[in-house]
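Next comes protein16.cif, with mmCIF, C-alpha atoms.
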data_coords
#
loop_
_atom_site.label_atom_id
_atom_site.label_comp_id
_atom_site.auth_asym_id
_atom_site.auth_seq_id
_atom_site.Cartn_x
_atom_site.Cartn_y
_atom_site.Cartn_z
CA MET B 26 -43.75 -9.93 36.03
CA THR B 27 -41.17 -7.83 37.87
CA VAL B 28 -38.04 -6.35 36.29
CA GLN B 29 -35.97 -8.79 38.34
CA ASP B 30 -37.97 -11.74 37.03
CA ASN B 31 -37.43 -10.51 33.48
CA LEU B 32 -33.67 -10.20 34.02
CA THR B 33 -33.62 -13.74 35.40
CA ILE B 34 -35.22 -15.04 32.21
CA MET B 35 -32.90 -13.02 29.99
CA LEU B 36 -29.80 -14.34 31.76
CA SER B 37 -30.96 -17.95 32.00
CA PRO B 38 -28.34 -20.34 30.54
CA SER B 39 -31.19 -22.34 29.00
CA LEU B 40 -31.70 -19.48 26.53
CA LEU B 41 -28.19 -19.68 25.06
CA PRO B 42 -28.81 -22.51 22.53
CA ALA B 43 -31.99 -20.87 21.26
CA LEU B 44 -30.21 -17.52 20.92
CA ALA B 45 -27.45 -19.17 18.88
CA TRP B 46 -30.06 -20.84 16.65
CA PHE B 47 -31.78 -17.48 16.17
CA VAL B 48 -28.52 -15.91 14.95
CA HIS B 49 -28.06 -18.65 12.33
CA ILE B 50 -31.63 -18.24 11.11
CA ALA B 51 -31.32 -14.45 10.95
CA ARG B 52 -27.99 -14.59 9.12
CA HIS B 53 -29.34 -16.90 6.42
CA ARG B 54 -32.87 -15.39 6.38
CA SER B 55 -33.91 -19.00 5.87
CA PHE B 56 -34.96 -21.87 8.13
CA THR B 57 -33.91 -24.38 5.47
CA LYS B 58 -30.36 -23.04 5.03
CA ALA B 59 -29.85 -22.62 8.76
CA ALA B 60 -31.15 -26.13 9.45
CA THR B 61 -28.82 -27.60 6.83
CA GLU B 62 -25.82 -25.77 8.30
CA MET B 63 -26.69 -26.93 11.82
CA GLU B 64 -27.60 -30.47 10.73
CA MET B 65 -31.07 -30.49 12.25
CA SER B 66 -34.58 -30.53 10.84
CA ARG B 67 -36.31 -27.38 9.65
CA ALA B 68 -39.33 -28.18 11.80
CA ALA B 69 -37.23 -28.53 14.97
CA LEU B 70 -35.46 -25.24 14.27
CA SER B 71 -38.80 -23.50 13.72
CA GLN B 72 -40.11 -24.82 17.02
CA HIS B 73 -36.99 -23.63 18.89
CA LEU B 74 -37.46 -20.12 17.47
CA LYS B 75 -41.15 -20.11 18.35
CA ALA B 76 -40.30 -21.15 21.92
CA LEU B 77 -37.70 -18.39 22.15
CA GLU B 78 -40.20 -15.76 21.01
CA GLN B 79 -42.68 -17.01 23.59
CA GLN B 80 -40.07 -16.92 26.35
CA LEU B 81 -39.02 -13.39 25.46
CA ASN B 82 -42.61 -12.35 24.74
CA VAL B 83 -41.54 -10.62 21.53
CA ARG B 84 -41.74 -11.37 17.80
CA LEU B 85 -38.26 -11.64 16.27
CA LEU B 86 -39.01 -12.47 12.64
CA HIS B 87 -41.62 -11.55 10.05
CA ARG B 88 -42.37 -14.81 8.22
CA THR B 89 -44.32 -15.40 5.01
CA THR B 90 -44.34 -18.34 2.60
CA ARG B 91 -41.83 -16.54 0.36
CA ASP B 92 -39.85 -14.20 2.54
CA MET B 93 -38.37 -13.65 5.97
CA SER B 94 -37.14 -10.46 7.64
CA LEU B 95 -36.15 -9.30 11.09
CA THR B 96 -38.51 -7.25 13.18
CA GLU B 97 -37.09 -4.13 14.81
CA GLU B 98 -36.67 -6.07 18.06
CA GLY B 99 -35.14 -9.01 16.19
CA GLN B 100 -32.59 -6.73 14.50
CA ARG B 101 -31.57 -5.24 17.84
CA LEU B 102 -31.15 -8.68 19.36
CA TYR B 103 -29.20 -9.93 16.33
CA ASP B 104 -26.82 -6.94 16.38
CA ALA B 105 -26.14 -7.53 20.08
CA LEU B 106 -25.74 -11.31 19.83
CA VAL B 107 -23.38 -11.59 16.84
CA PRO B 108 -20.30 -9.99 18.46
CA ALA B 109 -21.07 -11.72 21.78
CA LEU B 110 -21.26 -15.16 20.16
CA ARG B 111 -18.13 -14.47 18.12
CA ASN B 112 -16.29 -13.63 21.35
CA ILE B 113 -17.47 -16.93 22.84
CA GLU B 114 -16.32 -18.80 19.73
CA VAL B 115 -12.91 -17.12 19.85
CA ALA B 116 -12.53 -17.86 23.57
CA VAL B 117 -13.37 -21.54 23.09
CA THR B 118 -11.12 -21.82 20.02
CA ASP B 119 -8.21 -20.12 21.77
CA LEU B 120 -8.19 -22.65 24.63
CA GLY B 121 -5.01 -24.60 24.10
CA GLU B 122 -4.84 -23.49 20.47
CA ALA B 123 -1.54 -21.65 20.75
CA GLN B 124 0.38 -24.91 20.95
CA SER B 125 -1.71 -26.89 18.46
CA GLU B 126 -1.86 -27.32 14.72
CA PRO B 127 -4.40 -24.93 13.14
CA SER B 128 -7.71 -26.68 12.70
CA GLY B 129 -11.39 -26.05 12.12
CA GLN B 130 -13.13 -23.81 9.61
CA ILE B 131 -11.71 -20.47 8.56
CA ARG B 132 -14.18 -18.17 6.79
CA VAL B 133 -12.65 -15.57 4.47
CA ASN B 134 -14.84 -12.72 3.20
CA THR B 135 -13.10 -11.48 0.07
CA SER B 136 -13.70 -9.71 -3.19
CA ARG B 137 -13.67 -11.94 -6.24
CA ILE B 138 -10.56 -10.34 -7.68
CA ALA B 139 -8.65 -10.78 -4.41
CA ALA B 140 -9.72 -14.42 -4.27
CA ARG B 141 -8.57 -15.07 -7.83
CA THR B 142 -5.29 -13.22 -7.38
CA LEU B 143 -4.18 -14.15 -3.86
CA LEU B 144 -6.06 -17.27 -2.76
CA GLU B 145 -7.16 -19.50 -5.62
CA PRO B 146 -3.69 -19.97 -7.19
CA HIS B 147 -2.31 -21.24 -3.85
CA MET B 148 -5.34 -22.88 -2.23
CA GLY B 149 -4.07 -26.41 -2.69
CA GLU B 150 -0.70 -25.60 -1.14
CA PHE B 151 -2.26 -23.86 1.87
CA LEU B 152 -4.67 -26.71 2.62
CA ALA B 153 -1.92 -29.29 2.14
CA ARG B 154 0.18 -27.50 4.75
CA HIS B 155 -2.71 -27.38 7.19
CA PRO B 156 -4.83 -30.51 6.63
CA GLY B 157 -6.87 -29.76 9.75
CA LEU B 158 -8.29 -26.59 8.22
CA ARG B 159 -11.45 -26.20 6.16
CA LEU B 160 -11.46 -23.03 4.05
CA GLU B 161 -14.69 -21.24 3.19
CA LEU B 162 -14.55 -18.36 0.70
CA MET B 163 -17.37 -15.83 1.01
CA LEU B 164 -17.16 -13.79 -2.21
CA ASN B 165 -18.48 -10.28 -1.76
CA ASP B 166 -17.31 -7.31 -3.83
CA GLY B 167 -18.81 -4.79 -1.41
CA PHE B 168 -17.20 -3.80 1.87
CA ALA B 169 -18.58 -6.27 4.42
CA ASN B 170 -18.87 -6.24 8.17
CA ILE B 171 -16.95 -9.47 8.70
CA VAL B 172 -18.28 -9.93 12.24
CA ALA B 173 -21.92 -9.62 11.17
CA GLU B 174 -21.29 -11.87 8.17
CA GLY B 175 -19.80 -14.59 10.39
CA ALA B 176 -16.34 -14.42 8.78
CA ASP B 177 -13.01 -14.82 10.54
CA VAL B 178 -11.11 -12.44 8.26
CA GLY B 179 -11.66 -10.25 5.22
CA ILE B 180 -9.48 -9.25 2.29
CA ARG B 181 -9.96 -5.87 0.63
CA LEU B 182 -7.97 -3.07 -0.97
CA GLY B 183 -6.32 -0.82 1.59
CA GLU B 184 -8.46 2.17 0.70
CA SER B 185 -11.59 0.28 1.80
CA LEU B 186 -10.51 -0.77 5.28
CA ASP B 187 -12.45 -0.16 8.48
CA GLU B 188 -10.24 1.81 10.86
CA ASN B 189 -11.32 -0.37 13.79
CA MET B 190 -9.81 -3.51 12.27
CA VAL B 191 -6.35 -5.01 12.54
CA ALA B 192 -4.97 -4.92 8.99
CA VAL B 193 -2.00 -6.75 7.47
CA PRO B 194 -0.78 -5.98 3.91
CA VAL B 195 -0.86 -9.25 1.94
CA SER B 196 0.11 -7.92 -1.49
CA PRO B 197 2.69 -5.42 -2.72
CA ARG B 198 1.55 -1.99 -3.87
CA ILE B 199 -0.42 -2.35 -7.07
CA GLU B 200 -1.32 -0.34 -10.13
CA MET B 201 -4.24 -0.19 -12.48
CA ALA B 202 -3.25 -1.26 -16.00
CA VAL B 203 -4.98 -0.28 -19.23
CA VAL B 204 -4.56 -3.24 -21.55
CA GLY B 205 -5.72 -4.54 -24.90
CA SER B 206 -4.80 -7.30 -27.31
CA PRO B 207 -2.20 -6.84 -30.07
CA ALA B 208 -4.96 -7.32 -32.65
CA TYR B 209 -7.00 -4.50 -31.10
CA PHE B 210 -4.10 -2.03 -31.26
CA GLU B 211 -3.35 -3.02 -34.87
CA ARG B 212 -6.88 -2.01 -35.79
CA HIS B 213 -7.30 1.09 -33.63
CA GLY B 214 -3.85 2.43 -32.80
CA VAL B 215 -2.25 3.08 -29.42
CA PRO B 216 -3.56 5.90 -27.15
CA GLN B 217 -0.85 8.30 -26.03
CA SER B 218 -2.86 10.02 -23.31
CA PRO B 219 -6.17 9.49 -21.49
CA ALA B 220 -7.75 12.06 -23.81
CA ASP B 221 -7.22 9.65 -26.72
CA LEU B 222 -9.48 7.07 -25.06
CA VAL B 223 -12.59 8.82 -26.38
CA HIS B 224 -11.68 7.23 -29.73
CA HIS B 225 -11.35 3.72 -28.26
CA ASN B 226 -13.73 0.95 -27.21
CA CYS B 227 -13.34 1.10 -23.40
CA LEU B 228 -15.10 -1.82 -21.76
CA ALA B 229 -16.85 -0.95 -18.48
CA TYR B 230 -17.16 -2.71 -15.14
CA ARG B 231 -20.26 -2.38 -12.95
CA PHE B 232 -19.84 -2.97 -9.20
CA THR B 233 -22.22 -5.68 -8.03
CA SER B 234 -22.54 -4.10 -4.57
CA SER B 235 -23.60 -0.61 -5.68
CA GLY B 236 -24.52 -0.95 -9.35
CA ILE B 237 -22.17 1.94 -10.18
CA ILE B 238 -19.96 1.90 -13.29
CA ASP B 239 -16.28 2.03 -12.36
CA ARG B 240 -14.81 5.32 -13.61
CA TRP B 241 -11.28 5.39 -15.04
CA SER B 242 -8.98 7.70 -13.09
CA PHE B 243 -5.55 8.84 -14.29
CA THR B 244 -2.81 10.96 -12.74
CA SER B 245 -0.55 13.00 -15.03
CA PRO B 246 3.11 11.96 -14.84
CA ASP B 247 4.36 15.56 -14.59
CA ASP B 248 5.13 17.42 -11.37
CA GLU B 249 1.60 18.85 -11.21
CA ALA B 250 0.08 15.36 -10.93
CA HIS B 251 -3.31 16.42 -12.28
CA THR B 252 -6.11 13.87 -12.07
CA GLN B 253 -8.29 13.03 -15.05
CA VAL B 254 -11.45 10.95 -14.69
CA LEU B 255 -13.52 9.54 -17.51
CA ASP B 256 -16.53 7.30 -17.90
CA PRO B 257 -15.60 4.30 -20.05
CA LYS B 258 -17.67 4.26 -23.24
CA GLY B 259 -17.65 0.96 -25.04
CA SER B 260 -19.63 -1.87 -26.54
CA ALA B 261 -19.98 -3.93 -23.35
CA VAL B 262 -20.48 -3.66 -19.58
CA PHE B 263 -19.52 -6.43 -17.15
CA ASN B 264 -20.06 -7.18 -13.47
CA ASP B 265 -17.52 -9.99 -13.53
CA ASP B 266 -13.84 -9.17 -13.94
CA GLU B 267 -12.95 -12.52 -15.56
CA SER B 268 -15.56 -12.04 -18.28
CA MET B 269 -14.26 -8.53 -18.91
CA LEU B 270 -10.69 -9.80 -19.20
CA LYS B 271 -11.73 -12.53 -21.66
CA ALA B 272 -13.29 -9.87 -23.87
CA ALA B 273 -10.02 -7.92 -23.88
CA LEU B 274 -8.07 -11.07 -24.79
CA GLN B 275 -10.44 -11.57 -27.75
CA GLY B 276 -9.66 -8.06 -29.01
CA VAL B 277 -13.08 -6.58 -28.21
CA GLY B 278 -11.71 -3.47 -26.49
CA LEU B 279 -9.58 -1.98 -23.74
CA VAL B 280 -9.99 -2.73 -20.03
CA LYS B 281 -8.58 -1.14 -16.88
CA TYR B 282 -7.55 -3.93 -14.53
CA LEU B 283 -5.22 -4.65 -11.60
CA ASP B 284 -1.68 -5.17 -12.83
CA LEU B 285 -1.33 -8.28 -10.63
CA SER B 286 -4.10 -9.94 -12.60
CA VAL B 287 -2.65 -9.37 -16.08
CA ARG B 288 1.07 -10.01 -15.51
CA GLU B 289 1.02 -13.46 -17.08
CA HIS B 290 -0.95 -12.26 -20.10
CA LEU B 291 1.50 -9.40 -20.58
CA ALA B 292 4.50 -11.72 -20.27
CA ARG B 293 3.03 -14.06 -22.92
CA GLY B 294 2.27 -11.16 -25.26
CA GLU B 295 -1.47 -11.81 -25.16
CA LEU B 296 -2.08 -8.28 -23.88
CA ILE B 297 -0.23 -5.00 -24.26
CA ARG B 298 -0.21 -2.31 -21.60
CA VAL B 299 -0.64 1.38 -22.46
CA LEU B 300 -0.69 4.66 -20.49
CA GLU B 301 1.46 3.10 -17.77
CA ALA B 302 2.95 6.45 -16.74
CA TRP B 303 -0.57 7.70 -15.96
CA CYS B 304 -1.31 4.90 -13.45
CA PRO B 305 0.70 5.40 -10.22
CA PRO B 306 0.86 2.66 -7.57
CA PHE B 307 -1.43 2.60 -4.54
CA ALA B 308 -2.00 0.50 -1.42
CA GLY B 309 -2.64 -3.12 -2.25
CA PHE B 310 -4.74 -5.82 -0.59
CA TYR B 311 -4.97 -6.15 3.18
CA LEU B 312 -6.17 -9.00 5.32
CA TYR B 313 -8.21 -7.56 8.16
CA ALA B 314 -9.57 -9.12 11.33
CA PRO B 315 -11.37 -7.89 14.46
CA THR B 316 -9.12 -6.40 17.12
CA ARG B 317 -8.44 -8.91 19.86
CA ALA B 318 -5.60 -9.79 22.20
CA GLN B 319 -5.23 -13.40 21.06
CA MET B 320 -5.55 -14.30 17.41
CA PRO B 321 -6.62 -17.90 16.58
CA SER B 322 -3.85 -20.04 15.13
CA LYS B 323 -5.92 -20.65 11.98
CA VAL B 324 -5.93 -16.90 11.27
CA ARG B 325 -2.22 -16.61 12.04
CA ALA B 326 -1.56 -19.51 9.66
CA LEU B 327 -3.40 -17.75 6.81
CA ILE B 328 -1.62 -14.46 7.48
CA ASP B 329 1.81 -16.11 7.51
CA PHE B 330 1.04 -17.96 4.27
CA LEU B 331 -0.19 -14.83 2.45
CA LEU B 332 2.82 -12.81 3.65
CA GLU B 333 5.07 -15.51 2.19
CA LYS B 334 3.25 -15.28 -1.15
CA ARG B 335 3.40 -11.48 -0.97
CA GLU B 336 7.19 -11.66 -1.11
CA VAL B 337 6.96 -13.85 -4.21
CA LEU B 338 4.60 -11.36 -5.88
CA ALA B 339 6.88 -8.46 -4.99
CA ARG B 340 9.84 -10.16 -6.70
CA SER B 341 7.94 -11.14 -9.84
#

Do you think you could lay out the structure here as structure tokens?
Amino acid sequence: MTVQDNLTIMLSPSLLPALAWFVHIARHRSFTKAATEMEMSRAALSQHLKALEQQLNVRLLHRTTRDMSLTEEGQRLYDALVPALRNIEVAVTDLGEAQSEPSGQIRVNTSRIAARTLLEPHMGEFLARHPGLRLELMLNDGFANIVAEGADVGIRLGESLDENMVAVPVSPRIEMAVVGSPAYFERHGVPQSPADLVHHNCLAYRFTSSGIIDRWSFTSPDDEAHTQVLDPKGSAVFNDDESMLKAALQGVGLVKYLDLSVREHLARGELIRVLEAWCPPFAGFYLYAPTRAQMPSKVRALIDFLLEKREVLARS
């Protein structure tokens, strides 16, 4: 076969459906999940992939009864196809969309704490405003490549943003808050400085993405602004922020948590904040999306909604 013949095969429009099916299979690493998403049989999807491999004369996936992984060639093809197919999706979606009501599915890749703070409290209101939208939350506490993950937008803290993304601040500046229950402080006293924490039960959080324990960082309130970092030593470790907060509410120990997430508990007197002067504010949550000239109306709708809620948070 000549090089020209090979190029003709590679550019054949008949390959496009099979290439799209391959991307879905590779993203899920599962024929069953991909077939369910695409509403077709697993057997048919498997046959389409086999035909694609035969046409390209290359193996794209390693398949066993228990596992599936991309070959080196499959990974290269996947990395090239994902942004190309996303561009096609955006182009098709943008046709006539500027004048229409936002509709379709909007996939949001977000950390769990951002979802619970910014999205879940207002999900009903957002969907009621835009009944043509279907919201999918993809909870991921690590920093994700939203294009590769098939998401439309991501929400992360500002310090974790990819410089190649368009970013919009959707929360005010935030602070970390060291909090405990009134009953805990009655038993153990109130720390006056970070150094006093060695005598307290400091509950730890383990990042699910890296497995690392979150260290507690403090900045002195004086002009020198010295930084102190300590490893929380306590009777429990969590990889879920809600479980950690429940332990603090029960008086188990102290936790270091985003101030946005404990405001209501502080207002009701269920938690007490300490060492506030040692926790300066920093950049809050940002919604980020791939750089492109025309942004789909569904993404614009979400941005406008979160900016509206940001103003409410800033005043509270």

Target residues per the PyMOL selection byres ((chain B and resi 202) around 10), formatted as a list in words: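 Given this file, the PyMOL selection byres ((chain B and resi 202) around 10) evaluates to Ile199, Glu200, Met201, Val203, Val204, Gly205, Val280, Lys281, Tyr282, Leu283, Asp284, Leu285, Ser286, Val287, Arg288, Ile297, Arg298, Val299, Leu300, Glu301, Ala302, Trp303, Cys304 and Pro305 of chain B.
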
Nearby residues (only C-alpha atoms) at most 12 Å from region 91-97 of chain B, same-chain spacing under 2 positions excluded, as a PyMOL selection string: chain B and resi 47-48+50-57+78+83-89+99-104

Answer key for the PyMOL selection byres ((chain B and resi 216-221) around 8), residues as a compact mmCIF listing (two decimals) with C-alpha atoms, in the coordinates of the input:
# COMPACT_ATOMS: atom_id res chain seq x y z
CA GLY B 214 -3.85 2.43 -32.80
CA VAL B 215 -2.25 3.08 -29.42
CA LEU B 222 -9.48 7.07 -25.06
CA VAL B 223 -12.59 8.82 -26.38
CA HIS B 224 -11.68 7.23 -29.73
CA HIS B 225 -11.35 3.72 -28.26
CA PHE B 243 -5.55 8.84 -14.29
CA GLN B 253 -8.29 13.03 -15.05
CA VAL B 299 -0.64 1.38 -22.46
CA LEU B 300 -0.69 4.66 -20.49

Pick from B:Leu74, B:Arg231, B:Glu333, B:Arg293, whichever lies nearest to Met269 (chain B) using all atoms listed in the file: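 Going through B:Leu74, B:Arg231, B:Glu333, B:Arg293 one by one, the smallest distance to Met269 (chain B) is for B:Arg231.
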
Output check: residues returned by the PyMOL selection byres ((chain B and resi 159-170) around 8), as a PyMOL selection string: chain B and resi 128-137+140+152+156-158+171-174+176+181+185+232-235

Taking C-alpha atoms for each residue, export the selection above as a short mmCIF file (atom, residue, chain, number, x, y, z; two decimals), in the coordinates of the input.
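Once written, again35.cif looks like this:
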data_model
loop_
_atom_site.label_atom_id
_atom_site.label_comp_id
_atom_site.auth_asym_id
_atom_site.auth_seq_id
_atom_site.Cartn_x
_atom_site.Cartn_y
_atom_site.Cartn_z
CA SER B 128 -7.71 -26.68 12.70
CA GLY B 129 -11.39 -26.05 12.12
CA GLN B 130 -13.13 -23.81 9.61
CA ILE B 131 -11.71 -20.47 8.56
CA ARG B 132 -14.18 -18.17 6.79
CA VAL B 133 -12.65 -15.57 4.47
CA ASN B 134 -14.84 -12.72 3.20
CA THR B 135 -13.10 -11.48 0.07
CA SER B 136 -13.70 -9.71 -3.19
CA ARG B 137 -13.67 -11.94 -6.24
CA ALA B 140 -9.72 -14.42 -4.27
CA LEU B 152 -4.67 -26.71 2.62
CA PRO B 156 -4.83 -30.51 6.63
CA GLY B 157 -6.87 -29.76 9.75
CA LEU B 158 -8.29 -26.59 8.22
CA ILE B 171 -16.95 -9.47 8.70
CA VAL B 172 -18.28 -9.93 12.24
CA ALA B 173 -21.92 -9.62 11.17
CA GLU B 174 -21.29 -11.87 8.17
CA ALA B 176 -16.34 -14.42 8.78
CA ARG B 181 -9.96 -5.87 0.63
CA SER B 185 -11.59 0.28 1.80
CA PHE B 232 -19.84 -2.97 -9.20
CA THR B 233 -22.22 -5.68 -8.03
CA SER B 234 -22.54 -4.10 -4.57
CA SER B 235 -23.60 -0.61 -5.68
#

Closest of B:Gly259, B:Gly294, B:Pro315, B:Pro207 to Gln275 (chain B) - atom-to-atom distances counting all atoms listed in the file: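 Smallest separation from Gln275 (chain B) among the options: B:Pro207.
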
d(CA of Ala308 (chain B), CA of Met148 (chain B)) in Å: 23.6 Å

Once 4 Å is added on each side, what centre and edge lengths in Å to one decimal does the axis-aligned box around all listed atoms of region 170-177 of chain B have, as lines of an AutoDock Vina configuration file?
center_x = -17.5
center_y = -10.5
center_z = 10.2
size_x = 16.9
size_y = 16.6
size_z = 12.1

Atom-to-atom span, CA of Pro146 (chain B) and CA of Ile238 (chain B), Å: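 We find that CA of Pro146 (chain B) and CA of Ile238 (chain B) lie 27.9 Å from each other.
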
Distance in Å - CA of Ala68 (chain B) versus CA of His49 (chain B):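 The value is 14.8 Å.
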
Residue nearest Leu106 (chain B) among B:Ala139, B:Leu279, B:Ala43, B:Val254 (counting only C-alpha atoms):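 Going through B:Ala139, B:Leu279, B:Ala43, B:Val254 one by one, the smallest distance to Leu106 (chain B) is for B:Ala43.
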
Nearest to Leu40 (chain B) by atom-to-atom distance, counting all atoms listed in the file, from B:Leu81, B:Met63, B:Leu332, B:Leu255: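 Residue with the minimum atom-to-atom distance to Leu40 (chain B): B:Leu81.
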
Pick from B:Val191, B:Ile180, B:Leu143, B:Leu44, whichever lies nearest to Leu338 (chain B) using all atoms listed in the file: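 For Leu338 (chain B), the nearest of the given residues is B:Leu143.
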
Nearest to Gly236 (chain B), chosen from B:Ala116, B:Ala250, B:Val262, B:Ile138, with only C-alpha atoms counted in the distances: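 Among B:Ala116, B:Ala250, B:Val262, B:Ile138, it is B:Val262 that comes nearest to Gly236 (chain B).
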
Take region 247-255 of chain B, model all heavy atoms, and hand the result over as a CSV table (one decimal), in the frame of the given file.
chain,number,residue,atom,x,y,z
B,247,ASP,N,3.5,14.4,-14.8
B,247,ASP,CA,4.4,15.6,-14.6
B,247,ASP,C,4.3,16.0,-13.1
B,247,ASP,O,3.6,15.3,-12.3
B,247,ASP,CB,3.9,16.7,-15.5
B,247,ASP,CG,2.4,17.0,-15.3
B,247,ASP,OD1,1.9,17.0,-14.1
B,247,ASP,OD2,1.7,17.3,-16.3
B,248,ASP,N,5.0,17.0,-12.8
B,248,ASP,CA,5.1,17.4,-11.4
B,248,ASP,C,3.8,17.9,-10.8
B,248,ASP,O,3.6,17.9,-9.6
B,248,ASP,CB,6.2,18.5,-11.2
B,248,ASP,CG,7.6,18.0,-11.5
B,248,ASP,OD1,7.8,16.8,-11.4
B,248,ASP,OD2,8.4,18.9,-11.9
B,249,GLU,N,2.9,18.4,-11.7
B,249,GLU,CA,1.6,18.8,-11.2
B,249,GLU,C,0.7,17.7,-10.8
B,249,GLU,O,-0.2,17.9,-9.9
B,249,GLU,CB,0.9,19.6,-12.3
B,249,GLU,CG,1.7,20.9,-12.8
B,249,GLU,CD,1.9,21.9,-11.7
B,249,GLU,OE1,0.9,22.0,-10.8
B,249,GLU,OE2,2.9,22.5,-11.6
B,250,ALA,N,0.9,16.5,-11.3
B,250,ALA,CA,0.1,15.4,-10.9
B,250,ALA,C,-1.4,15.6,-11.0
B,250,ALA,O,-2.2,15.4,-10.0
B,250,ALA,CB,0.5,14.9,-9.5
B,251,HIS,N,-1.9,16.2,-12.1
B,251,HIS,CA,-3.3,16.4,-12.3
B,251,HIS,C,-4.1,15.1,-12.5
B,251,HIS,O,-3.5,14.2,-13.1
B,251,HIS,CB,-3.6,17.3,-13.5
B,251,HIS,CG,-3.0,18.7,-13.3
B,251,HIS,ND1,-3.4,19.6,-12.4
B,251,HIS,CD2,-2.1,19.4,-14.1
B,251,HIS,CE1,-2.8,20.7,-12.5
B,251,HIS,NE2,-2.0,20.6,-13.5
B,252,THR,N,-5.3,15.1,-11.9
B,252,THR,CA,-6.1,13.9,-12.1
B,252,THR,C,-7.1,14.1,-13.2
B,252,THR,O,-7.8,15.1,-13.3
B,252,THR,CB,-6.8,13.6,-10.7
B,252,THR,OG1,-5.9,13.3,-9.7
B,252,THR,CG2,-7.7,12.3,-10.9
B,253,GLN,N,-7.3,13.0,-14.0
B,253,GLN,CA,-8.3,13.0,-15.0
B,253,GLN,C,-9.2,11.8,-14.8
B,253,GLN,O,-8.7,10.7,-14.6
B,253,GLN,CB,-7.7,12.9,-16.4
B,253,GLN,CG,-6.8,14.1,-16.8
B,253,GLN,CD,-6.3,14.0,-18.2
B,253,GLN,OE1,-6.9,13.4,-19.1
B,253,GLN,NE2,-5.1,14.6,-18.5
B,254,VAL,N,-10.5,12.0,-14.9
B,254,VAL,CA,-11.4,11.0,-14.7
B,254,VAL,C,-12.4,10.9,-15.9
B,254,VAL,O,-12.9,11.9,-16.4
B,254,VAL,CB,-12.3,11.2,-13.4
B,254,VAL,CG1,-13.3,10.0,-13.2
B,254,VAL,CG2,-11.4,11.3,-12.2
B,255,LEU,N,-12.6,9.7,-16.4
B,255,LEU,CA,-13.5,9.5,-17.5
B,255,LEU,C,-14.4,8.3,-17.3
B,255,LEU,O,-14.1,7.4,-16.6
B,255,LEU,CB,-12.8,9.4,-18.8
B,255,LEU,CG,-11.8,8.2,-19.0
B,255,LEU,CD1,-12.5,7.0,-19.6
B,255,LEU,CD2,-10.7,8.6,-20.0
